[in-house]
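One file, query-v9.tsv, carrying TSV, C-alpha atoms:
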chain	number	residue	atom	x	y	z
A	9	LYS	CA	-42.60	-29.75	89.48
A	10	GLU	CA	-43.10	-26.54	91.45
A	11	LEU	CA	-39.76	-27.02	93.23
A	12	THR	CA	-37.63	-27.26	90.08
A	13	SER	CA	-36.88	-23.54	90.38
A	14	ILE	CA	-34.83	-24.37	93.48
A	15	GLY	CA	-33.14	-27.45	92.02
A	16	LEU	CA	-35.46	-30.09	93.46
A	17	PRO	CA	-35.98	-33.01	93.36
A	18	GLY	CA	-32.64	-33.55	91.56
A	19	MET	CA	-30.70	-31.34	94.01
A	20	SER	CA	-29.12	-29.48	91.07
A	21	SER	CA	-27.48	-26.09	91.32
A	22	PHE	CA	-29.67	-23.13	90.38
A	23	CYS	CA	-29.58	-19.33	90.07
A	24	THR	CA	-31.87	-16.57	91.27
A	25	GLU	CA	-32.07	-13.00	90.12
A	26	ARG	CA	-33.59	-10.20	92.19
A	27	HIS	CA	-33.17	-6.47	91.86
A	28	GLY	CA	-30.44	-6.93	89.24
A	29	MET	CA	-28.41	-9.26	91.52
A	30	ARG	CA	-27.74	-12.77	90.24
A	31	GLN	CA	-26.87	-15.44	92.80
A	32	SER	CA	-26.00	-19.09	92.36
A	33	TRP	CA	-27.11	-21.73	94.84
A	34	ARG	CA	-26.37	-25.39	95.37
A	35	TRP	CA	-27.61	-28.22	97.54
A	36	HIS	CA	-24.92	-29.50	99.82
A	37	VAL	CA	-24.79	-32.51	102.13
A	38	CYS	CA	-24.59	-31.29	105.71
A	39	SER	CA	-21.08	-32.24	106.85
A	40	GLU	CA	-17.61	-30.90	107.37
A	41	THR	CA	-17.47	-29.94	103.69
A	42	SER	CA	-19.64	-26.89	104.35
A	43	LYS	CA	-16.83	-25.51	106.54
A	44	GLU	CA	-14.42	-26.10	103.68
A	45	ALA	CA	-16.81	-24.37	101.27
A	46	ASP	CA	-17.08	-21.41	103.62
A	47	SER	CA	-13.27	-21.24	103.94
A	48	LEU	CA	-12.82	-21.39	100.16
A	49	SER	CA	-15.48	-18.74	99.61
A	50	GLN	CA	-13.78	-16.47	102.18
A	51	LEU	CA	-10.34	-17.01	100.60
A	52	LEU	CA	-11.69	-16.10	97.17
A	53	SER	CA	-13.42	-13.05	98.62
A	54	ASP	CA	-10.19	-11.97	100.36
A	55	TYR	CA	-8.54	-11.82	96.93
A	56	GLY	CA	-11.40	-9.94	95.29
A	57	ILE	CA	-12.96	-12.94	93.56
A	58	SER	CA	-16.75	-12.94	93.69
A	59	THR	CA	-18.28	-16.42	93.62
A	60	SER	CA	-21.61	-14.86	92.57
A	61	GLU	CA	-20.04	-14.29	89.16
A	62	PHE	CA	-19.10	-17.97	88.75
A	63	ALA	CA	-20.95	-20.04	86.17
A	64	LEU	CA	-23.51	-22.46	87.54
A	65	GLY	CA	-21.69	-25.32	89.29
A	66	ALA	CA	-18.23	-23.76	88.94
A	67	PHE	CA	-17.77	-23.18	92.69
A	68	ASP	CA	-18.64	-26.82	93.41
A	69	GLU	CA	-16.12	-27.97	90.81
A	70	LEU	CA	-13.41	-25.74	92.27
A	71	LEU	CA	-14.19	-26.97	95.79
A	72	GLU	CA	-13.96	-30.58	94.65
A	73	GLU	CA	-10.68	-29.82	92.83
A	74	VAL	CA	-8.95	-28.25	95.83
A	75	ILE	CA	-10.23	-30.48	98.66
A	76	GLY	CA	-10.93	-33.74	96.84
A	77	HIS	CA	-14.15	-35.67	97.24
A	78	GLY	CA	-15.20	-39.19	98.20
A	79	GLY	CA	-11.65	-40.46	98.66
A	80	VAL	CA	-10.42	-38.83	95.43
A	81	GLU	CA	-7.26	-36.77	95.87
A	82	PRO	CA	-7.34	-33.04	95.06
A	83	SER	CA	-6.40	-32.23	91.47
A	84	SER	CA	-5.38	-28.61	92.03
A	85	LYS	CA	-4.29	-26.24	94.74
A	86	LEU	CA	-4.59	-22.53	95.32
A	87	MET	CA	-1.37	-20.60	95.88
A	88	VAL	CA	-0.51	-16.96	96.41
A	89	ARG	CA	2.14	-15.68	93.99
A	90	GLU	CA	3.13	-12.02	93.84
A	91	GLY	CA	0.04	-11.09	95.87
A	92	GLU	CA	-2.38	-12.90	93.53
A	93	LEU	CA	-4.34	-16.05	94.20
A	94	ARG	CA	-3.57	-18.63	91.51
A	95	ARG	CA	-4.78	-22.13	90.81
A	96	HIS	CA	-2.08	-24.73	90.19
A	97	VAL	CA	-3.20	-27.63	87.99
A	98	GLN	CA	-1.16	-30.41	86.41
A	99	ILE	CA	-2.32	-31.36	82.92
A	100	ILE	CA	-1.33	-34.37	80.87
A	101	LYS	CA	-1.29	-33.92	77.08
A	102	VAL	CA	-1.08	-37.05	74.96
A	103	TRP	CA	-0.14	-37.18	71.33
A	104	LEU	CA	-1.05	-40.70	70.25
A	105	GLY	CA	0.90	-41.58	67.13
A	106	ALA	CA	0.55	-44.39	64.62
A	107	ASP	CA	2.18	-45.34	61.33
A	108	ILE	CA	-0.69	-45.79	58.89
A	109	LEU	CA	0.40	-47.18	55.52
A	110	SER	CA	3.98	-46.21	56.46
A	111	VAL	CA	2.95	-42.57	56.99
A	112	PRO	CA	3.18	-41.16	60.54
A	113	HIS	CA	-0.09	-39.80	61.94
A	114	VAL	CA	-1.08	-38.29	65.28
A	115	MET	CA	-4.58	-38.49	66.76
A	116	VAL	CA	-6.27	-35.16	67.58
A	117	HIS	CA	-9.78	-34.03	68.49
A	118	GLY	CA	-12.17	-33.63	65.57
A	119	SER	CA	-14.77	-31.80	67.66
A	120	LYS	CA	-16.12	-31.66	71.18
A	121	THR	CA	-19.58	-30.57	72.27
A	122	ARG	CA	-21.29	-30.07	75.61
A	123	SER	CA	-24.99	-30.25	76.30
A	124	SER	CA	-26.22	-27.33	78.35
A	125	GLY	CA	-29.63	-26.03	79.33
A	126	GLN	CA	-29.51	-23.88	76.19
A	127	GLY	CA	-28.72	-26.64	73.70
A	128	ILE	CA	-25.44	-28.04	72.44
A	129	GLN	CA	-22.33	-25.93	72.73
A	130	ALA	CA	-19.30	-26.54	70.47
A	131	LEU	CA	-16.00	-26.30	72.30
A	132	ASP	CA	-12.86	-25.27	70.46
A	133	MET	CA	-10.89	-28.52	70.66
A	134	LYS	CA	-10.28	-29.11	66.95
A	135	ASP	CA	-6.81	-30.49	66.19
A	136	LYS	CA	-5.79	-30.58	69.89
A	137	PRO	CA	-4.27	-33.61	71.64
A	138	LEU	CA	-5.89	-35.63	74.42
A	139	THR	CA	-5.75	-33.71	77.69
A	140	MET	CA	-6.82	-34.36	81.25
A	141	LYS	CA	-6.16	-32.94	84.72
A	142	MET	CA	-3.76	-35.02	86.76
A	143	GLY	CA	-3.77	-35.52	90.51
A	144	LEU	CA	-1.43	-33.24	92.44
A	145	GLY	CA	2.03	-34.80	92.44
A	146	GLN	CA	0.94	-37.57	90.08
A	147	ARG	CA	3.56	-38.66	87.53
A	148	TRP	CA	2.61	-38.57	83.85
A	149	GLN	CA	3.45	-42.28	83.58
A	150	ASP	CA	0.73	-43.01	86.14
A	151	ALA	CA	-1.79	-40.62	84.55
A	152	LEU	CA	-1.36	-41.95	80.99
A	153	PRO	CA	-3.38	-45.19	81.39
A	154	ASP	CA	-6.15	-43.18	83.07
A	155	VAL	CA	-6.43	-40.59	80.27
A	156	LEU	CA	-6.51	-43.33	77.61
A	157	LEU	CA	-9.24	-45.16	79.51
A	158	ARG	CA	-11.37	-42.09	80.36
A	159	ARG	CA	-11.07	-40.23	77.07
A	160	LEU	CA	-10.86	-43.11	74.57
A	161	GLY	CA	-12.25	-46.09	76.47
A	162	LEU	CA	-9.04	-48.10	75.96
A	163	ASP	CA	-8.79	-50.55	78.85
A	164	VAL	CA	-5.41	-51.22	80.45
A	165	ALA	CA	-5.03	-54.70	78.89
A	166	LEU	CA	-5.48	-53.26	75.38
A	167	GLN	CA	-3.04	-50.41	76.19
A	168	GLN	CA	-0.41	-52.89	77.34
A	169	ARG	CA	-0.80	-54.96	74.15
A	170	TYR	CA	-0.81	-52.15	71.58
A	171	ILE	CA	0.63	-48.91	72.96
A	172	ASP	CA	4.35	-48.28	73.38
A	173	THR	CA	5.00	-45.45	75.83
A	174	SER	CA	8.78	-45.37	75.47
Before we go any further, please render this structure as structure tokens.
Amino acid sequence: KELTSIGLPGMSSFCTERHGMRQSWRWHVCSETSKEADSLSQLLSDYGISTSEFALGAFDELLEEVIGHGGVEPSSKLMVREGELRRHVQIIKVWLGADILSVPHVMVHGSKTRSSGQGIQALDMKDKPLTMKMGLGQRWQDALPDVLLRRLGLDVALQQRYIDTS
């Protein structure tokens, strides 16, 4: 219990604050990835982006996005455009339509919430379509079954029986 302040035993990310300076920390498996984390941190610093200002866990998410993890392909890349570092992400948006009693309808989010250490946070997703990050270079036709499975729990067999993607 005494070690929870440094993210143990769950190895979760944590923050410290001393002399008005807030720093975020994370537990990382000792491997080649630490070199990649150092390189990413240096690149961000070179473009005036301070990782100490990132929300808890945000650096880890960015690292996983740009290098991939556990055999998963990267889902974004960092590029320099007009002297600025930018993140390139492909997003799939799905408007799932149905004729209900001969009236066309489209499915949208009603609400979305996230549990955080400070309670439940409502995210502004009302009346928005299904969205999900795609893999770099992935075609929307290949991402569609994945978004329907991950966001709605519709397995591929059900999608093939009931959903027309033409």
Using all atoms listed in the file, the residue out of A:Met87, A:Ile57, A:Val80, A:Ala106 with shortest distance to A:Gly143 is A:Val80
Could you check how far atom CA of A:Gln50 sits from atom CA of A:Gly18, in Å to one decimal?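 A separation of 27.6 Å between them.
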Nearest to A:His96, restricted to all atoms listed in the file and choosing among A:Glu72, A:Thr139, A:Trp33, A:Leu144, comes out as A:Leu144
Students should find that atom CA of A:Val114 and atom CA of A:Pro137 are spaced 8.5 Å
Enumerate, as an mmCIF file with C-alpha atoms, in the coordinates of the input, the protein, DNA and RNA residues whose atoms approach (-3.4, -39.4, 68.0) to within 7 Å, taking into account only C-alpha atoms and the coordinate frame of the file.
data_model
loop_
_atom_site.group_PDB
_atom_site.id
_atom_site.type_symbol
_atom_site.label_atom_id
_atom_site.label_comp_id
_atom_site.auth_asym_id
_atom_site.auth_seq_id
_atom_site.Cartn_x
_atom_site.Cartn_y
_atom_site.Cartn_z
ATOM 1 C CA TRP A 103 -0.140 -37.180 71.330
ATOM 2 C CA LEU A 104 -1.050 -40.700 70.250
ATOM 3 C CA GLY A 105 0.900 -41.580 67.130
ATOM 4 C CA HIS A 113 -0.090 -39.800 61.940
ATOM 5 C CA VAL A 114 -1.080 -38.290 65.280
ATOM 6 C CA MET A 115 -4.580 -38.490 66.760
ATOM 7 C CA VAL A 116 -6.270 -35.160 67.580
ATOM 8 C CA PRO A 137 -4.270 -33.610 71.640
#
Could you tell me how far atom CA of A:Leu64 sits from atom CA of A:Met140, in Å to one decimal place?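 Taking atom CA of A:Met140 as the start and atom CA of A:Leu64 as the end point, the length is 21.4 Å.
If you measure from each of A:Pro153, A:Gly91, A:Gly161, A:Pro112 to A:Gly56 using all atoms listed in the file, the closest one turns out to be A:Gly91.
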Looking at only C-alpha atoms, which of A:Thr24, A:Gln31, A:Ser47, A:Thr173 is the one that sits closest to A:Ile75?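 Looking only at the distances to A:Ile75, the closest residue turns out to be A:Ser47.
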Any idea what's packed within 9 Å of A:Trp148, counting all atoms listed in the file, ignoring anything in its chain fewer than 6 positions away? Could you give it as a list in words? Ile99, Ile100 and Met142 of chain A
Among the residues A:Gly15, A:Gly118, A:Gly28, A:Pro82, the one that comes closest to A:Leu138 [using all atoms listed in the file]: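 So, comparing all the options, the nearest one is A:Gly118.
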Dump as a ChimeraX atom specification all residues having an atom at most 12 Å from (-4.0, -12.2, 91.1), computed in the file's coordinates with all atoms listed in the file. /A:52,54-57,86-95
Residue with smallest distance to A:Ser32 - pool A:Thr12, A:Ser60, A:Gln98, A:Gln146, counting all atoms listed in the file: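 Looking only at the distances to A:Ser32, the closest residue turns out to be A:Ser60.
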Set the distance at 12 Å and use all atoms listed in the file: which residues neighbour A:Ser21 once local chain neighbours fewer than 4 positions away are removed? I'd like the list as a list in words. Thr12, Ser13, Ile14, Gly15, Leu16, Pro17, Gln31, Ser32, Trp33, Arg34, Trp35, His36, Phe62, Ala63, Leu64, Gly65, Ala66, Phe67, Asp68 and Glu69 of chain A
Create the file for the chosen residues now, containing C-alpha atoms and written as a compact mmCIF listing (two decimals), in the coordinates of the input.
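Dumped to part-v9.txt:
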# COMPACT_ATOMS: atom_id res chain seq x y z
CA THR A 12 -37.63 -27.26 90.08
CA SER A 13 -36.88 -23.54 90.38
CA ILE A 14 -34.83 -24.37 93.48
CA GLY A 15 -33.14 -27.45 92.02
CA LEU A 16 -35.46 -30.09 93.46
CA PRO A 17 -35.98 -33.01 93.36
CA GLN A 31 -26.87 -15.44 92.80
CA SER A 32 -26.00 -19.09 92.36
CA TRP A 33 -27.11 -21.73 94.84
CA ARG A 34 -26.37 -25.39 95.37
CA TRP A 35 -27.61 -28.22 97.54
CA HIS A 36 -24.92 -29.50 99.82
CA PHE A 62 -19.10 -17.97 88.75
CA ALA A 63 -20.95 -20.04 86.17
CA LEU A 64 -23.51 -22.46 87.54
CA GLY A 65 -21.69 -25.32 89.29
CA ALA A 66 -18.23 -23.76 88.94
CA PHE A 67 -17.77 -23.18 92.69
CA ASP A 68 -18.64 -26.82 93.41
CA GLU A 69 -16.12 -27.97 90.81
Spatial neighbours of A:His117, max dist 6 Å, all atoms listed in the file, sep filter under 6 positions, as a list of chain:residue names: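 Selected residues are A:Lys134, A:Asp135, A:Lys136.
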